[in-house]
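Quick look at query.cif (mmCIF, C-alpha atoms and all ligand atoms):
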data_structure
loop_
_atom_site.label_atom_id
_atom_site.label_comp_id
_atom_site.auth_asym_id
_atom_site.auth_seq_id
_atom_site.Cartn_x
_atom_site.Cartn_y
_atom_site.Cartn_z
CA MET A 1 0.00 0.00 0.00
CA GLY A 2 1.41 3.43 -0.96
CA LYS A 3 1.88 5.99 1.74
CA ARG A 4 -0.64 8.41 0.20
CA SER A 5 -3.49 5.92 0.55
CA MET A 6 -2.82 5.52 4.28
CA PRO A 7 -5.37 6.87 6.73
CA ASP A 8 -4.41 10.10 8.42
CA THR A 9 -3.45 9.14 11.95
CA SER A 10 -2.05 12.51 13.02
CA SER A 11 -3.35 13.61 16.38
CA GLN A 12 -4.79 16.80 14.87
CA ALA A 13 -6.79 15.30 12.00
CA GLY A 14 -7.30 11.66 13.06
CA PRO A 15 -10.79 10.20 13.23
CA HIS A 16 -10.48 9.74 17.00
CA VAL A 17 -9.25 12.84 18.84
CA PRO A 18 -6.92 11.59 21.59
CA VAL A 19 -7.97 12.66 25.07
CA LEU A 20 -5.54 14.08 27.67
CA LEU A 21 -2.66 13.52 25.24
CA ASP A 22 -0.32 16.15 26.78
CA GLU A 23 -0.93 14.66 30.22
CA VAL A 24 -0.18 11.15 28.93
CA LEU A 25 3.13 12.31 27.42
CA ALA A 26 3.99 14.22 30.59
CA ALA A 27 3.36 11.10 32.68
CA PHE A 28 6.21 9.34 30.81
CA ASP A 29 8.54 12.32 30.71
CA PRO A 30 11.30 12.00 29.55
CA ILE A 31 9.82 9.64 26.95
CA ALA A 32 12.55 9.57 24.24
CA GLY A 33 14.18 6.14 24.12
CA LYS A 34 11.53 4.49 26.31
CA ARG A 35 9.62 1.35 25.32
CA ILE A 36 5.91 1.86 25.93
CA VAL A 37 2.97 -0.53 25.55
CA ASP A 38 -0.10 1.29 24.18
CA GLY A 39 -2.78 -1.20 25.25
CA THR A 40 -5.62 0.62 23.48
CA PHE A 41 -4.23 1.59 20.08
CA GLY A 42 -7.52 2.81 18.49
CA ALA A 43 -6.65 5.28 15.72
CA GLY A 44 -3.11 5.49 17.05
CA GLY A 45 -3.27 9.03 18.46
CA TYR A 46 -1.25 8.20 21.59
CA SER A 47 1.06 5.85 19.70
CA ARG A 48 1.87 8.48 17.06
CA ALA A 49 2.58 11.18 19.61
CA MET A 50 4.84 8.85 21.63
CA LEU A 51 6.68 7.74 18.47
CA GLU A 52 7.15 11.36 17.40
CA ALA A 53 8.58 12.06 20.85
CA GLY A 54 11.19 9.33 20.31
CA ALA A 55 9.66 6.30 22.10
CA THR A 56 9.37 2.74 20.83
CA VAL A 57 5.72 1.62 20.92
CA ILE A 58 4.21 -1.84 21.20
CA ALA A 59 0.53 -1.30 20.42
CA ILE A 60 -2.37 -3.65 21.21
CA ASP A 61 -6.02 -3.53 20.17
CA ARG A 62 -8.75 -6.15 20.05
CA ASP A 63 -10.60 -4.41 17.19
CA PRO A 64 -9.43 -5.76 13.81
CA SER A 65 -10.68 -2.58 12.07
CA VAL A 66 -7.76 -0.55 13.50
CA GLN A 67 -5.27 -2.48 11.35
CA PRO A 68 -4.98 0.23 8.62
CA PHE A 69 -3.95 2.77 11.26
CA ALA A 70 -1.34 0.36 12.57
CA ASP A 71 -0.10 -0.31 9.02
CA ALA A 72 0.36 3.42 8.48
CA LEU A 73 2.51 3.79 11.59
CA SER A 74 4.50 0.65 10.70
CA VAL A 75 5.46 2.27 7.39
CA GLU A 76 6.50 5.51 9.03
CA PHE A 77 8.25 4.13 12.12
CA ASP A 78 9.19 0.63 10.97
CA ASP A 79 11.91 -0.03 13.54
CA ARG A 80 10.10 1.52 16.53
CA PHE A 81 6.46 0.53 16.10
CA PHE A 82 5.00 -2.93 16.60
CA PHE A 83 1.29 -3.80 16.48
CA VAL A 84 0.03 -6.92 18.26
CA PRO A 85 -3.68 -7.75 17.88
CA GLY A 86 -5.28 -9.00 21.08
CA THR A 87 -6.85 -8.05 24.38
CA PHE A 88 -5.04 -5.87 26.88
CA SER A 89 -5.82 -8.33 29.69
CA GLN A 90 -2.90 -10.29 28.19
CA LEU A 91 -0.64 -7.32 27.64
CA ASP A 92 2.29 -8.89 29.48
CA SER A 93 2.36 -11.98 27.28
CA LEU A 94 1.60 -9.96 24.12
CA ALA A 95 4.55 -7.68 24.84
CA ALA A 96 6.85 -10.47 26.03
CA ASP A 97 8.93 -10.51 22.85
CA HIS A 98 9.46 -6.75 23.01
CA GLY A 99 10.75 -6.26 26.54
CA PRO A 100 12.02 -4.73 28.74
CA ILE A 101 9.11 -2.30 28.91
CA ASP A 102 9.28 1.12 30.62
CA GLY A 103 5.60 2.07 30.58
CA VAL A 104 2.04 1.04 29.81
CA VAL A 105 -0.82 3.33 28.79
CA LEU A 106 -4.50 2.37 28.66
CA ASP A 107 -7.21 4.63 27.23
CA ILE A 108 -10.22 2.61 28.29
CA GLY A 109 -13.49 2.50 26.42
CA VAL A 110 -14.81 2.93 22.91
CA SER A 111 -13.21 4.97 20.15
CA SER A 112 -15.05 7.60 18.13
CA MET A 113 -14.76 5.31 15.11
CA GLN A 114 -16.55 2.52 16.94
CA LEU A 115 -19.29 4.92 18.07
CA ASP A 116 -19.63 6.59 14.67
CA GLN A 117 -19.89 3.43 12.57
CA ALA A 118 -23.60 2.56 12.66
CA GLU A 119 -22.87 -1.04 11.68
CA ARG A 120 -20.87 -1.63 14.90
CA GLY A 121 -24.06 -1.10 16.91
CA PHE A 122 -22.55 0.94 19.79
CA SER A 123 -24.70 4.04 19.43
CA PHE A 124 -28.38 4.62 20.16
CA MET A 125 -28.16 7.64 17.83
CA ARG A 126 -27.41 5.58 14.70
CA ASP A 127 -29.42 2.73 13.29
CA GLY A 128 -27.44 -0.46 13.01
CA PRO A 129 -27.36 -4.08 14.10
CA LEU A 130 -27.36 -4.42 17.90
CA ASP A 131 -23.79 -5.68 18.01
CA MET A 132 -21.30 -3.76 20.27
CA ARG A 133 -18.51 -6.35 19.98
CA MET A 134 -15.15 -4.58 19.84
CA SER A 135 -13.43 -7.71 18.57
CA GLY A 136 -16.27 -8.67 16.23
CA SER A 137 -16.58 -12.11 17.84
CA GLY A 138 -18.44 -13.69 20.76
CA GLU A 139 -21.90 -12.82 22.08
CA SER A 140 -23.44 -9.62 20.75
CA ALA A 141 -25.72 -7.17 22.55
CA ALA A 142 -28.64 -8.62 20.56
CA ASP A 143 -27.79 -12.09 21.88
CA LEU A 144 -28.00 -10.74 25.45
CA VAL A 145 -31.21 -8.70 25.13
CA ASN A 146 -33.00 -11.55 23.37
CA ALA A 147 -31.87 -14.33 25.72
CA LEU A 148 -31.62 -13.05 29.30
CA GLU A 149 -34.55 -13.44 31.69
CA THR A 150 -36.19 -10.22 32.94
CA GLU A 151 -34.40 -10.43 36.30
CA GLN A 152 -30.99 -11.15 34.76
CA LEU A 153 -31.38 -8.27 32.34
CA ALA A 154 -32.50 -5.89 35.06
CA ASN A 155 -29.55 -6.85 37.28
CA LEU A 156 -27.12 -6.31 34.42
CA LEU A 157 -28.50 -2.85 33.54
CA TYR A 158 -28.37 -1.89 37.21
CA ALA A 159 -24.84 -3.17 37.95
CA PHE A 160 -23.06 -2.02 34.79
CA GLY A 161 -25.15 1.03 33.88
CA GLU A 162 -26.26 2.22 37.32
CA GLU A 163 -29.72 2.35 35.73
CA ARG A 164 -32.22 2.88 38.53
CA LYS A 165 -35.20 2.03 36.30
CA SER A 166 -33.59 -1.22 35.19
CA ARG A 167 -36.51 -3.43 36.17
CA ARG A 168 -39.07 -1.49 34.15
CA ILE A 169 -36.75 -1.36 31.13
CA ALA A 170 -36.12 -5.11 31.35
CA GLN A 171 -39.87 -5.80 31.51
CA PHE A 172 -40.47 -3.73 28.37
CA ILE A 173 -37.60 -5.44 26.53
CA VAL A 174 -38.89 -8.91 27.37
CA ALA A 175 -42.46 -7.96 26.37
CA ALA A 176 -41.27 -6.46 23.06
CA ARG A 177 -39.20 -9.48 22.07
CA GLU A 178 -42.22 -11.75 22.42
CA THR A 179 -43.47 -10.25 19.16
CA LYS A 180 -40.08 -10.38 17.40
CA PRO A 181 -36.40 -10.46 18.38
CA ILE A 182 -34.79 -7.05 18.98
CA GLU A 183 -32.24 -6.66 16.23
CA THR A 184 -31.26 -3.02 15.87
CA THR A 185 -29.94 -0.19 18.03
CA LEU A 186 -32.90 2.08 17.28
CA GLU A 187 -35.42 -0.67 18.06
CA LEU A 188 -33.85 -1.06 21.50
CA ALA A 189 -33.51 2.70 22.04
CA ARG A 190 -37.24 3.16 21.25
CA ILE A 191 -38.30 0.37 23.61
CA ILE A 192 -36.24 1.94 26.42
CA GLU A 193 -37.66 5.39 25.66
CA LYS A 194 -41.18 3.95 25.73
CA SER A 195 -40.50 2.28 29.08
CA ILE A 196 -39.09 5.22 31.03
CA GLY A 197 -39.97 8.27 28.93
CA ARG A 198 -37.70 11.12 27.98
CA LYS A 199 -37.32 14.44 29.74
CA PRO A 200 -36.18 17.45 27.74
CA GLY A 201 -32.65 18.43 28.72
CA ASP A 202 -31.80 15.01 30.20
CA ALA A 203 -29.42 12.49 28.64
CA HIS A 204 -31.09 10.06 26.23
CA PRO A 205 -32.96 7.43 28.30
CA ALA A 206 -30.99 4.63 26.59
CA THR A 207 -27.58 6.01 27.63
CA ARG A 208 -27.12 3.89 30.75
CA SER A 209 -28.57 0.71 29.26
CA PHE A 210 -26.32 0.94 26.20
CA GLN A 211 -23.31 1.48 28.47
CA ALA A 212 -24.27 -1.58 30.54
CA LEU A 213 -24.70 -3.80 27.49
CA ARG A 214 -21.40 -2.65 25.99
CA ILE A 215 -19.57 -3.38 29.24
CA ALA A 216 -21.15 -6.83 29.44
CA VAL A 217 -20.55 -7.74 25.78
CA ASN A 218 -16.87 -6.79 26.01
CA ALA A 219 -16.30 -7.95 29.62
CA GLU A 220 -14.83 -4.50 30.18
CA PHE A 221 -14.38 -4.63 33.96
CA ASP A 222 -12.75 -8.06 33.86
CA GLN A 223 -10.47 -6.83 31.09
CA LEU A 224 -9.48 -3.74 33.06
CA VAL A 225 -8.67 -5.63 36.27
CA GLU A 226 -6.68 -8.28 34.39
CA ALA A 227 -4.80 -5.55 32.50
CA LEU A 228 -3.81 -3.70 35.67
CA PHE A 229 -2.33 -6.86 37.16
CA ALA A 230 -0.71 -7.74 33.82
CA ALA A 231 1.00 -4.31 33.83
CA GLU A 232 2.10 -4.93 37.41
CA ARG A 233 3.75 -8.20 36.30
CA LEU A 234 5.27 -6.65 33.19
CA LEU A 235 6.83 -3.51 34.60
CA ASP A 236 10.04 -3.45 36.60
CA GLU A 237 10.89 -0.95 39.29
CA GLY A 238 10.49 2.59 37.94
CA GLY A 239 8.06 1.59 35.17
CA ARG A 240 5.01 3.84 34.75
CA LEU A 241 1.38 2.82 34.33
CA VAL A 242 -0.99 5.48 32.99
CA VAL A 243 -4.75 4.85 32.76
CA VAL A 244 -7.37 7.14 31.24
CA SER A 245 -10.92 6.11 32.10
CA PHE A 246 -14.29 7.52 31.19
CA HIS A 247 -16.64 6.72 34.00
CA SER A 248 -16.60 6.55 37.73
CA LEU A 249 -16.97 2.76 37.94
CA GLU A 250 -13.71 2.28 36.02
CA ASP A 251 -11.92 5.11 37.78
CA ARG A 252 -12.74 3.60 41.17
CA ILE A 253 -11.08 0.32 40.12
CA VAL A 254 -7.90 2.10 38.99
CA LYS A 255 -7.76 4.26 42.10
CA ARG A 256 -8.10 1.31 44.47
CA PHE A 257 -5.63 -0.79 42.48
CA PHE A 258 -2.95 1.87 42.86
CA ASP A 259 -3.75 2.55 46.48
CA PRO A 260 -4.68 -0.61 48.41
CA GLU A 261 -5.21 1.46 51.55
CA LYS A 262 -8.30 2.82 49.82
CA GLY A 263 -9.75 -0.72 49.82
CA GLY A 264 -7.48 -2.40 47.28
CA PRO A 265 -6.61 -6.06 46.84
CA SER A 266 -4.00 -6.49 49.55
CA GLN A 267 -6.20 -5.15 52.34
CA SER A 268 -7.96 -7.73 54.46
CA ARG A 269 -11.28 -6.84 56.08
CA HIS A 270 -10.68 -9.31 58.90
CA MET A 271 -7.13 -8.59 60.03
CA PRO A 272 -5.99 -5.29 61.46
CA GLN A 273 -3.09 -4.08 59.34
CA VAL A 274 -0.28 -3.90 61.85
CA GLN A 275 2.29 -2.97 59.28
CA THR A 276 1.52 -1.52 55.87
CA GLU A 277 2.27 -4.10 53.19
CA ALA A 278 4.97 -3.28 50.64
CA ARG A 279 3.42 -1.04 48.02
CA ARG A 280 3.57 -2.13 44.40
CA TRP A 281 2.79 1.39 43.17
CA VAL A 282 4.45 4.57 44.35
CA GLU A 283 4.38 8.20 43.22
CA VAL A 284 0.64 7.78 42.71
CA ALA A 285 -0.29 11.02 40.98
CA LYS A 286 -3.41 13.01 41.74
CA ALA A 287 -6.18 12.35 39.22
CA ARG A 288 -5.92 14.65 36.17
CA LYS A 289 -8.85 15.96 34.11
CA ALA A 290 -9.06 17.88 30.86
CA GLY A 291 -8.74 21.64 31.04
CA GLU A 292 -11.09 24.19 29.42
CA ALA A 293 -8.96 24.46 26.25
CA GLU A 294 -9.19 20.72 25.54
CA LEU A 295 -12.89 20.58 26.48
CA SER A 296 -13.80 23.34 24.03
CA GLY A 297 -12.30 21.29 21.16
CA ASN A 298 -13.32 17.84 22.37
CA PRO A 299 -16.42 17.53 24.60
CA ARG A 300 -15.77 13.74 24.86
CA ALA A 301 -12.89 14.63 27.20
CA ARG A 302 -15.33 15.89 29.87
CA SER A 303 -15.60 12.59 31.72
CA ALA A 304 -11.97 11.50 31.21
CA VAL A 305 -9.79 10.95 34.28
CA LEU A 306 -6.08 10.14 34.10
CA ARG A 307 -4.30 8.26 36.87
CA ALA A 308 -0.61 7.35 36.84
CA ALA A 309 1.78 5.60 39.18
CA THR A 310 5.29 4.16 39.27
CA ARG A 311 6.11 0.48 39.86
CA SER A 312 8.06 -0.26 43.03
CA ASP A 313 10.46 -3.19 43.46
CA ALA A 314 7.88 -5.25 45.43
CA ASP A 315 6.77 -8.58 43.90
CA SER A 316 3.63 -8.48 41.77
CA ARG A 317 0.38 -9.66 43.34
CA PRO A 318 -1.82 -12.50 42.11
CA VAL A 319 -4.91 -11.26 40.26
CA LYS A 320 -7.60 -10.43 42.81
CA PHE A 321 -10.92 -8.74 42.09
CA ASP A 322 -11.95 -8.29 45.74
CA GLY A 323 -11.55 -4.85 47.18
CA LEU A 324 -11.38 -3.06 43.84
CA GLY A 325 -15.07 -2.15 43.78
CA VAL A 326 -15.74 -4.08 40.57
CA PRO A 327 -19.52 -3.99 39.99
CA LYS A 328 -21.08 -7.45 40.15
CA VAL A 329 -24.29 -8.49 38.44
CA ARG A 330 -26.55 -9.97 41.13
CA GLU A 331 -27.64 -13.53 40.43
CA ALA A 332 -31.28 -13.72 39.40
C1 LIG B 401 -10.64 5.14 23.43
S1 LIG B 401 -9.99 4.15 22.18
C2 LIG B 401 -8.28 4.49 22.17
C3 LIG B 401 -7.91 5.67 21.33
C4 LIG B 401 -6.42 5.89 21.21
N1 LIG B 401 -5.82 6.27 22.49
C5 LIG B 401 -6.15 6.96 20.19
O1 LIG B 401 -5.54 7.99 20.55
O2 LIG B 401 -6.51 6.78 19.03
C6 LIG B 401 -10.03 2.58 22.91
C7 LIG B 401 -9.51 1.44 22.04
O3 LIG B 401 -9.21 0.38 22.91
C8 LIG B 401 -9.66 -0.82 22.33
N2 LIG B 401 -9.97 -1.72 23.43
C9 LIG B 401 -10.95 -1.61 24.35
N3 LIG B 401 -10.91 -2.63 25.20
C10 LIG B 401 -9.86 -3.41 24.82
C11 LIG B 401 -9.29 -4.61 25.34
N4 LIG B 401 -9.81 -5.22 26.39
N5 LIG B 401 -8.21 -5.11 24.72
C12 LIG B 401 -7.66 -4.49 23.64
N6 LIG B 401 -8.18 -3.35 23.11
C13 LIG B 401 -9.25 -2.82 23.69
C14 LIG B 401 -10.88 -0.44 21.52
O4 LIG B 401 -11.08 -1.38 20.48
C15 LIG B 401 -10.50 0.95 21.02
O5 LIG B 401 -9.91 0.87 19.75
#
Before anything else, please render the file you have as structure tokens.
Ligand SMILES: C[S@@+](CC[C@H](N)C(=O)[O-])C[C@H]1O[C@@H](n2cnc3c(N)ncnc32)[C@H](O)[C@@H]1O
Amino acid sequence: MGKRSMPDTSSQAGPHVPVLLDEVLAAFDPIAGKRIVDGTFGAGGYSRAMLEAGATVIAIDRDPSVQPFADALSVEFDDRFFFVPGTFSQLDSLAADHGPIDGVVLDIGVSSMQLDQAERGFSFMRDGPLDMRMSGSGESAADLVNALETEQLANLLYAFGEERKSRRIAQFIVAARETKPIETTLELARIIEKSIGRKPGDAHPATRSFQALRIAVNAEFDQLVEALFAAERLLDEGGRLVVVSFHSLEDRIVKRFFDPEKGGPSQSRHMPQVQTEARRWVEVAKARKAGEAELSGNPRARSAVLRAATRSDADSRPVKFDGLGVPKVREA
């Protein structure tokens, strides 16, 4: 493929505007010469900026549609850019051939491309198949809404979307699918709107339910927890982990992971902590948010929170979900 037919992956004109990019670069400063794993490649906005600043980048994404962006960067930075398809929960094994690694960055969530492509089924604003699978394989959102019992569906919408009217929505979904299976995003959005109404000025009534389904379809909380522990195993003393998240449920997980004294995995509820356990993460930075200048150009940055910390020399912990505040779907 000739260079002129490559997609434009520059951070200014790319299809996905990178969020908190300056803060990400600052978190790795000085970045030149470092080897960084970009666990959420997307359109390559972070990767490009890190490559331009002199880093070597090992990029990971589970979405096969990002390949052209990766190909473009491979042409431009052939000896410093490596793309490995896969899930970031396995980032340590995916990066194993490229070590030693100095930093890991994760920009959790969906990309603008995924949201904007109606056929991916992520958006209640665009009509498309009710899909939502980032990787394009496994169970789709349609599979879930057409198969789960009312109670299971309600519990899922409540746990992953913090949807307080989850029961009513679930009842309407189950009643609607008795006539015919729910196949499209707009069909589902209309059913939800019919169930709980729509107030002018409020977010679309389907916002929380779509978030919950997306999280379930892509096992997003499991992926995040596994990725944090994978980064802990991968990084040696002094390595930096930088995570940008987009809602409070994810941010809580990252915050507690970095700081077990806030309820993280090494704190036991039953034993008084006589001596503080060796910390795996030090220099835990205060959460960073986008400033007014960035928000005026990119409203998507409004909910973004960046957290960063440095790996200590303490041994990595086994993966443990307890204490991180990971939302659980109640059994029906
Ligand atoms: C918000 S976008 C990243 C945008 C990127 N920072 C940029 O500047 O273009 C998130 C990307 O992470 C990918 N992703 C989400 N969860 C993933 C996972 N568990 N494993 C690998 N990739 C994942 C999505 O497919 C999406 O392309």
Provide an axis-aligned box for all listed atoms of ligand LIG 401 (chain B), padding each side by 5 Å; report its centre and its edge lengths in Å to one decimal, as JSON.
{"center_x": -8.3, "center_y": 1.4, "center_z": 22.7, "size_x": 15.5, "size_y": 23.2, "size_z": 17.4}
Kindly provide the residues of chain A that approach ligand LIG 401 (chain B) to within 9 Å, each paired with its closest atom pair and their distance in Å to one decimal, based on only C-alpha atoms and all ligand atoms, listed by chain and increasing number, as JSON lines.
{"residue": "A:Thr9", "atom": "CA", "partner": "B:LIG401", "partner_atom": "O2", "distance": 8.1}
{"residue": "A:Ser11", "atom": "CA", "partner": "B:LIG401", "partner_atom": "O1", "distance": 7.3}
{"residue": "A:Gly14", "atom": "CA", "partner": "B:LIG401", "partner_atom": "O2", "distance": 7.8}
{"residue": "A:Pro15", "atom": "CA", "partner": "B:LIG401", "partner_atom": "O2", "distance": 8.0}
{"residue": "A:His16", "atom": "CA", "partner": "B:LIG401", "partner_atom": "O2", "distance": 5.4}
{"residue": "A:Val17", "atom": "CA", "partner": "B:LIG401", "partner_atom": "O1", "distance": 6.3}
{"residue": "A:Pro18", "atom": "CA", "partner": "B:LIG401", "partner_atom": "O1", "distance": 4.0}
{"residue": "A:Val19", "atom": "CA", "partner": "B:LIG401", "partner_atom": "O1", "distance": 6.9}
{"residue": "A:Leu21", "atom": "CA", "partner": "B:LIG401", "partner_atom": "O1", "distance": 7.8}
{"residue": "A:Asp38", "atom": "CA", "partner": "B:LIG401", "partner_atom": "N1", "distance": 7.8}
{"residue": "A:Gly39", "atom": "CA", "partner": "B:LIG401", "partner_atom": "C12", "distance": 6.1}
{"residue": "A:Thr40", "atom": "CA", "partner": "B:LIG401", "partner_atom": "O3", "distance": 3.6}
{"residue": "A:Phe41", "atom": "CA", "partner": "B:LIG401", "partner_atom": "C4", "distance": 5.0}
{"residue": "A:Gly42", "atom": "CA", "partner": "B:LIG401", "partner_atom": "O5", "distance": 3.3}
{"residue": "A:Ala43", "atom": "CA", "partner": "B:LIG401", "partner_atom": "O2", "distance": 3.6}
{"residue": "A:Gly44", "atom": "CA", "partner": "B:LIG401", "partner_atom": "O2", "distance": 4.1}
{"residue": "A:Gly45", "atom": "CA", "partner": "B:LIG401", "partner_atom": "O1", "distance": 3.3}
{"residue": "A:Tyr46", "atom": "CA", "partner": "B:LIG401", "partner_atom": "O1", "distance": 4.4}
{"residue": "A:Ser47", "atom": "CA", "partner": "B:LIG401", "partner_atom": "O1", "distance": 7.0}
{"residue": "A:Arg48", "atom": "CA", "partner": "B:LIG401", "partner_atom": "O1", "distance": 8.2}
{"residue": "A:Ala49", "atom": "CA", "partner": "B:LIG401", "partner_atom": "O1", "distance": 8.8}
{"residue": "A:Ile60", "atom": "CA", "partner": "B:LIG401", "partner_atom": "C12", "distance": 5.9}
{"residue": "A:Asp61", "atom": "CA", "partner": "B:LIG401", "partner_atom": "N6", "distance": 3.7}
{"residue": "A:Arg62", "atom": "CA", "partner": "B:LIG401", "partner_atom": "C12", "distance": 4.1}
{"residue": "A:Asp63", "atom": "CA", "partner": "B:LIG401", "partner_atom": "O4", "distance": 4.5}
{"residue": "A:Pro64", "atom": "CA", "partner": "B:LIG401", "partner_atom": "O4", "distance": 8.1}
{"residue": "A:Ser65", "atom": "CA", "partner": "B:LIG401", "partner_atom": "O5", "distance": 8.5}
{"residue": "A:Val66", "atom": "CA", "partner": "B:LIG401", "partner_atom": "O5", "distance": 6.8}
{"residue": "A:Pro85", "atom": "CA", "partner": "B:LIG401", "partner_atom": "C12", "distance": 7.7}
{"residue": "A:Gly86", "atom": "CA", "partner": "B:LIG401", "partner_atom": "C12", "distance": 5.7}
{"residue": "A:Thr87", "atom": "CA", "partner": "B:LIG401", "partner_atom": "N5", "distance": 3.3}
{"residue": "A:Phe88", "atom": "CA", "partner": "B:LIG401", "partner_atom": "N5", "distance": 3.9}
{"residue": "A:Ser89", "atom": "CA", "partner": "B:LIG401", "partner_atom": "N4", "distance": 6.0}
{"residue": "A:Gln90", "atom": "CA", "partner": "B:LIG401", "partner_atom": "N5", "distance": 8.2}
{"residue": "A:Leu91", "atom": "CA", "partner": "B:LIG401", "partner_atom": "N5", "distance": 8.4}
{"residue": "A:Val105", "atom": "CA", "partner": "B:LIG401", "partner_atom": "N1", "distance": 8.6}
{"residue": "A:Leu106", "atom": "CA", "partner": "B:LIG401", "partner_atom": "N1", "distance": 7.4}
{"residue": "A:Asp107", "atom": "CA", "partner": "B:LIG401", "partner_atom": "C1", "distance": 5.1}
{"residue": "A:Ile108", "atom": "CA", "partner": "B:LIG401", "partner_atom": "C6", "distance": 5.4}
{"residue": "A:Gly109", "atom": "CA", "partner": "B:LIG401", "partner_atom": "C1", "distance": 4.9}
{"residue": "A:Val110", "atom": "CA", "partner": "B:LIG401", "partner_atom": "C1", "distance": 4.7}
{"residue": "A:Ser111", "atom": "CA", "partner": "B:LIG401", "partner_atom": "S1", "distance": 3.9}
{"residue": "A:Ser112", "atom": "CA", "partner": "B:LIG401", "partner_atom": "C1", "distance": 7.3}
{"residue": "A:Met113", "atom": "CA", "partner": "B:LIG401", "partner_atom": "O5", "distance": 8.0}
{"residue": "A:Gln114", "atom": "CA", "partner": "B:LIG401", "partner_atom": "O5", "distance": 7.4}
{"residue": "A:Arg133", "atom": "CA", "partner": "B:LIG401", "partner_atom": "O4", "distance": 9.0}
{"residue": "A:Met134", "atom": "CA", "partner": "B:LIG401", "partner_atom": "O4", "distance": 5.2}
{"residue": "A:Ser135", "atom": "CA", "partner": "B:LIG401", "partner_atom": "O4", "distance": 7.0}
{"residue": "A:Asn218", "atom": "CA", "partner": "B:LIG401", "partner_atom": "N4", "distance": 7.2}
{"residue": "A:Ala219", "atom": "CA", "partner": "B:LIG401", "partner_atom": "N4", "distance": 7.7}
{"residue": "A:Glu220", "atom": "CA", "partner": "B:LIG401", "partner_atom": "N4", "distance": 6.3}
{"residue": "A:Phe221", "atom": "CA", "partner": "B:LIG401", "partner_atom": "N4", "distance": 8.9}
{"residue": "A:Asp222", "atom": "CA", "partner": "B:LIG401", "partner_atom": "N4", "distance": 8.5}
{"residue": "A:Gln223", "atom": "CA", "partner": "B:LIG401", "partner_atom": "N4", "distance": 5.0}
{"residue": "A:Leu224", "atom": "CA", "partner": "B:LIG401", "partner_atom": "N4", "distance": 6.8}
{"residue": "A:Ala227", "atom": "CA", "partner": "B:LIG401", "partner_atom": "N4", "distance": 7.9}
{"residue": "A:Val244", "atom": "CA", "partner": "B:LIG401", "partner_atom": "C1", "distance": 8.7}
{"residue": "A:Ser245", "atom": "CA", "partner": "B:LIG401", "partner_atom": "C1", "distance": 8.7}
{"residue": "A:Phe246", "atom": "CA", "partner": "B:LIG401", "partner_atom": "C1", "distance": 8.9}
- Just the residues within 12 Å of Pro299 (chain A), please, counting only C-alpha atoms, with nothing from its chain fewer than 3 positions along; format it as a list in words. Val17, Pro18, Val19, Leu20, Ser112, Ala290, Gly291, Glu292, Ala293, Glu294, Leu295, Ser296, Arg302, Ser303 and Ala304 of chain A
- From A:Arg279, A:Arg317, A:Arg208, A:Lys328, residue lying nearest Glu163 (chain A) [all atoms listed in the file]: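 Selected residue with least distance to Glu163 (chain A): A:Arg208.
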- Which of these residues is nearest to Val282 (chain A), using all atoms listed in the file: A:Lys320, A:Arg300, A:Arg240, A:Arg252?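 The shortest atom-to-atom distance to Val282 (chain A) comes from A:Arg240.
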- Message: Taking 2 positions as the minimum chain separation for residues in the same chain, which residues sit within 8 Å of Ile182 (chain A) when counting all atoms listed in the file? Answer as a VMD selection string.
- Response: chain A and resid 130 142 145 to 146 176 to 177 180 184 187 to 188
- Item | Test item: residues at most 12 Å from Glu193 (chain A), all atoms listed in the file, excluding those fewer than 6 positions along its chain, as an NGL selection string | :A and (124 or 165 or 168-169 or 172-173 or 186-187 or 199 or 203-209)
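Nearest to Arg307 (chain A) of all the residues A:Ala96, A:Ala278, A:Ala141, A:Ile253 is A:Ile253, counting only C-alpha atoms.
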- Query: With all atoms listed in the file as the basis for distance, which of A:Ala287, A:Ala309, A:Leu156, A:Ala314 is at the shortest distance from Ala332 (chain A)?
  - Reply: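 Checking each of A:Ala287, A:Ala309, A:Leu156, A:Ala314 against Ala332 (chain A), counting all atoms listed in the file, the winner is A:Leu156.
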- Item | Neighbour list for Phe122 (chain A) as a list of chain:residue names, cut-off 8 Å, only C-alpha atoms, skip fewer than 3 positions in-chain | A:Gln114, A:Leu115, A:Ala118, A:Leu130, A:Asp131, A:Met132, A:Thr185, A:Phe210, A:Arg214
- Note on the structure: Judged by all atoms listed in the file, the minimum distance to Val24 (chain A) among A:Lys194, A:Leu306, A:Gly121, A:Gly239 is found for A:Leu306
- Would you list the contacts of region 324-326 of chain A as a PyMOL selection string, taking every protein, DNA or RNA residue within 10 Å and counting only C-alpha atoms, but skipping same-chain residues closer than 2 positions in sequence? chain A and resi 159-160+221-222+224-225+249-260+262-266+320-322+328-329
- Please, what distance in Å, to one decimal, runs between CA of His247 (chain A) and CA of Phe83 (chain A)? 27.2 Å
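Here CA of Ala59 (chain A) is placed at a distance of 17.6 Å from CA of Arg233 (chain A).
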- Query: How many Å separate CA of Leu241 (chain A) from CA of Asp116 (chain A)?
  - Reply: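 According to the coordinates, CA of Leu241 (chain A) and CA of Asp116 (chain A) are separated by 29.0 Å.
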